[in-house]
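S.K.: Sharing a structure below in structure tokens format, with a few things to ask.
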Amino acid sequence: MSERVNLDSMLPRHRLKSLVYSWLEEDLPSFDIASAVFDPDKISTFQLLCKQSCVLSGTPFVNAIFRELNCTVEWKFKDGEFIIADGLKLHVAMVTGLIGDILKGERIALNCLARCSGVATGVRRVTDLAKSKGWHGRVACSRKTTPGFRLCEKYSILVGGGDAHRYDLSSMVMLKDNHIDGSNGNISGIVNKVRDLIGFSGKIDVECRSLDDAVCAAQSGADIVMLDNINSETSREMACQLKSAYPSLTIEVSGGINIDNIDGYFSKDIDVISMGALTQGYSCIDFSLKFMLTNAK
């Protein structure tokens, strides 16, 4: 996906600025005394190194961080590219500016790259597995994201080839178990109630714990039914029955799905597999930023 679409252009610039300010305020609430040791006028260059093979992601956030610090970044790779490090320190970018300014952004930039690239790499593994099995559907994440880091993680899901699902509570109406139980189990009633509010452009996704729940949701006009925490064999059987009766219904499965068991959910009748594990429990990638000794000559 990242090779065909300029994902960077989708990012809201005001949100990037807001995020960068919040990160800088967290890491630099007052003086950066250590920066007093540097020549205040000397422009220097640092190498950004990657020590693990990964799908690169997060460059717009790193660019935004250093832009606020009057530094520039020159990348050797693009987001979405699989870079092969194999334990070596692979040179992925150059950062140029005043040493003190570069170091003010160093840790937050590395934090972003480590996490964004970790998400994208994990997603790519899953989507590659799905493609190898000939599955037609979408691998999606959820709202189980790191507080304050959702934009970065959802962006990286797209970079890795996954589906970002709904971004927030306002993006799509999802009626979950607590909505249903808190409304006396009246699936039909609550679907009809939100249908009047969501308008023609919105979709309704209903979390279902049984085939009866799913049939009721479909009959009530839900666009999507999510078979939640149901084992793979039963999910496939239920999806088959639902698709036979409601061919245009989108069927999503979720709950406890990871790369080790996802292949059990690959079915022509299942359209979406959503995984909280894509943004909860991903491995971070090891990056570092190093002063180039040629600066000292």
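To be explicit about the labels: the chains of the structure tokens are called A, B, and onward in the order shown, and within each one the residues are counted from 1, while ligands get numbers from 1 in the order they are shown.
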Give me, as a ChimeraX atom specification, all polymer residues having an atom no more than 12 Å from A:Asp205, counting only C-alpha atoms and skipping those fewer than 5 positions away in the same chain.

M.R.: /A:165-166,169,171-177,179,187,190-191,194-195,198,214,217-218,220-228,249-253,272

S.K.: With a distance cut-off of 7 Å and only C-alpha atoms, select the neighbouring residues of stretch 90-101 of chain A, excluding the residue or stretch itself and same-chain residues fewer than 3 positions from it, and output the selection as an NGL selection string.

M.R.: :A and (35 or 38 or 41-51 or 69-77 or 85 or 104-105)

S.K.: Which parts of stretch 99-263 of chain A does DSSP call helix (DSSP H, G or I) when run on the backbone here, written out as a ChimeraX atom specification?

M.R.: /A:99-132,150-159,177-181,187-198,211-219,232-245,262-263

S.K.: Keeping only C-alpha atoms, write those residues as an mmCIF file, in the first residue's frame.

M.R.:
data_model
loop_
_atom_site.group_PDB
_atom_site.id
_atom_site.type_symbol
_atom_site.label_atom_id
_atom_site.label_comp_id
_atom_site.auth_asym_id
_atom_site.auth_seq_id
_atom_site.Cartn_x
_atom_site.Cartn_y
_atom_site.Cartn_z
ATOM 1 C CA ILE A 99 24.279 19.535 17.873
ATOM 2 C CA GLY A 100 22.202 20.683 20.834
ATOM 3 C CA ASP A 101 19.063 20.890 18.709
ATOM 4 C CA ILE A 102 19.605 17.421 17.212
ATOM 5 C CA LEU A 103 20.072 15.901 20.647
ATOM 6 C CA LYS A 104 16.920 17.580 21.942
ATOM 7 C CA GLY A 105 14.988 15.567 19.372
ATOM 8 C CA GLU A 106 17.090 12.409 19.458
ATOM 9 C CA ARG A 107 15.204 10.288 21.981
ATOM 10 C CA ILE A 108 11.663 11.164 20.911
ATOM 11 C CA ALA A 109 12.605 10.591 17.248
ATOM 12 C CA LEU A 110 14.111 7.184 18.049
ATOM 13 C CA ASN A 111 11.081 6.293 20.169
ATOM 14 C CA CYS A 112 8.800 7.051 17.223
ATOM 15 C CA LEU A 113 10.859 5.080 14.722
ATOM 16 C CA ALA A 114 11.260 2.101 17.046
ATOM 17 C CA ARG A 115 7.535 1.813 17.671
ATOM 18 C CA CYS A 116 6.250 2.760 14.213
ATOM 19 C CA SER A 117 8.635 0.348 12.499
ATOM 20 C CA GLY A 118 7.759 -2.343 15.028
ATOM 21 C CA VAL A 119 4.057 -2.012 14.223
ATOM 22 C CA ALA A 120 4.626 -1.974 10.451
ATOM 23 C CA THR A 121 6.931 -5.002 10.610
ATOM 24 C CA GLY A 122 4.441 -7.030 12.640
ATOM 25 C CA VAL A 123 1.582 -6.139 10.321
ATOM 26 C CA ARG A 124 3.613 -7.043 7.242
ATOM 27 C CA ARG A 125 4.290 -10.501 8.666
ATOM 28 C CA VAL A 126 0.578 -11.117 9.123
ATOM 29 C CA THR A 127 -0.522 -9.681 5.774
ATOM 30 C CA ASP A 128 2.185 -11.648 3.967
ATOM 31 C CA LEU A 129 0.901 -14.820 5.657
ATOM 32 C CA ALA A 130 -2.663 -14.004 4.593
ATOM 33 C CA LYS A 131 -1.566 -13.471 0.991
ATOM 34 C CA SER A 132 0.409 -16.723 0.979
ATOM 35 C CA ARG A 150 -2.722 6.405 18.047
ATOM 36 C CA LEU A 151 -1.984 8.477 14.944
ATOM 37 C CA CYS A 152 1.501 6.981 14.722
ATOM 38 C CA GLU A 153 0.348 3.402 15.262
ATOM 39 C CA LYS A 154 -2.624 3.634 12.884
ATOM 40 C CA TYR A 155 -0.365 5.217 10.247
ATOM 41 C CA SER A 156 2.089 2.342 10.660
ATOM 42 C CA ILE A 157 -0.701 -0.211 10.274
ATOM 43 C CA LEU A 158 -1.310 1.278 6.814
ATOM 44 C CA VAL A 159 2.418 1.333 6.039
ATOM 45 C CA ASP A 177 -21.448 -6.240 24.325
ATOM 46 C CA ASN A 178 -21.808 -3.480 26.916
ATOM 47 C CA HIS A 179 -24.058 -1.455 24.612
ATOM 48 C CA ILE A 180 -26.230 -4.518 24.047
ATOM 49 C CA ASP A 181 -26.306 -5.654 27.676
ATOM 50 C CA ILE A 187 -30.040 -5.553 19.346
ATOM 51 C CA SER A 188 -32.754 -4.618 16.889
ATOM 52 C CA GLY A 189 -33.797 -1.612 18.920
ATOM 53 C CA ILE A 190 -30.354 -0.103 19.314
ATOM 54 C CA VAL A 191 -29.419 -0.733 15.660
ATOM 55 C CA ASN A 192 -32.541 1.122 14.551
ATOM 56 C CA LYS A 193 -31.904 3.929 17.026
ATOM 57 C CA VAL A 194 -28.335 4.642 15.860
ATOM 58 C CA ARG A 195 -29.320 4.194 12.195
ATOM 59 C CA ASP A 196 -31.493 7.279 12.513
ATOM 60 C CA LEU A 197 -28.518 9.234 13.880
ATOM 61 C CA ILE A 198 -25.583 8.053 11.814
ATOM 62 C CA LEU A 211 -25.311 -16.913 15.583
ATOM 63 C CA ASP A 212 -28.683 -15.682 16.860
ATOM 64 C CA ASP A 213 -27.132 -12.311 17.751
ATOM 65 C CA ALA A 214 -25.555 -12.064 14.298
ATOM 66 C CA VAL A 215 -28.786 -12.935 12.488
ATOM 67 C CA CYS A 216 -30.696 -10.374 14.563
ATOM 68 C CA ALA A 217 -28.096 -7.706 13.774
ATOM 69 C CA ALA A 218 -28.171 -8.513 10.055
ATOM 70 C CA GLN A 219 -31.964 -8.493 9.948
ATOM 71 C CA SER A 232 -11.908 -20.470 14.422
ATOM 72 C CA GLU A 233 -13.939 -23.536 13.419
ATOM 73 C CA THR A 234 -17.183 -22.130 14.773
ATOM 74 C CA SER A 235 -16.437 -18.716 13.269
ATOM 75 C CA ARG A 236 -16.001 -20.244 9.820
ATOM 76 C CA GLU A 237 -19.262 -22.203 10.153
ATOM 77 C CA MET A 238 -21.200 -19.163 11.347
ATOM 78 C CA ALA A 239 -19.706 -16.964 8.618
ATOM 79 C CA CYS A 240 -20.743 -19.474 5.972
ATOM 80 C CA GLN A 241 -24.350 -19.491 7.196
ATOM 81 C CA LEU A 242 -24.484 -15.708 7.443
ATOM 82 C CA LYS A 243 -23.040 -15.123 3.975
ATOM 83 C CA SER A 244 -25.527 -17.562 2.485
ATOM 84 C CA ALA A 245 -28.425 -15.635 3.987
ATOM 85 C CA ILE A 262 -4.829 -16.542 12.450
ATOM 86 C CA ASP A 263 -4.657 -19.077 9.624
#

S.K.: Taking only C-alpha atoms into account, which of A:Ile270, A:Arg15, A:Asp86, A:Asn186 comes nearest A:Cys54?

M.R.: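 The shortest atom-to-atom distance to A:Cys54 comes from A:Asp86.
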
S.K.: Ranking A:Gly160, A:Phe287, A:Ser170, A:Gly276 by minimum distance to A:Leu7 and counting only C-alpha atoms, which one comes first?

M.R.: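 Distance minimum relative to A:Leu7 lands on A:Gly160.
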
S.K.: Out of A:Met292, A:Ile230, A:Ile259, A:Ile285, which residue has the shortest atom-to-atom distance to A:Gly87 when counting only C-alpha atoms?

M.R.: A:Ile285

S.K.: Which of these residues is nearest to A:Ala277, using only C-alpha atoms: A:Gly148, A:Ala140, A:Ser18, A:Tyr246?

M.R.: A:Ala140

S.K.: Just asking: which residues within stretch 85-123 of chain A are strand (DSSP E) according to DSSP, as a PyMOL selection string?

M.R.: chain A and resi 90-98
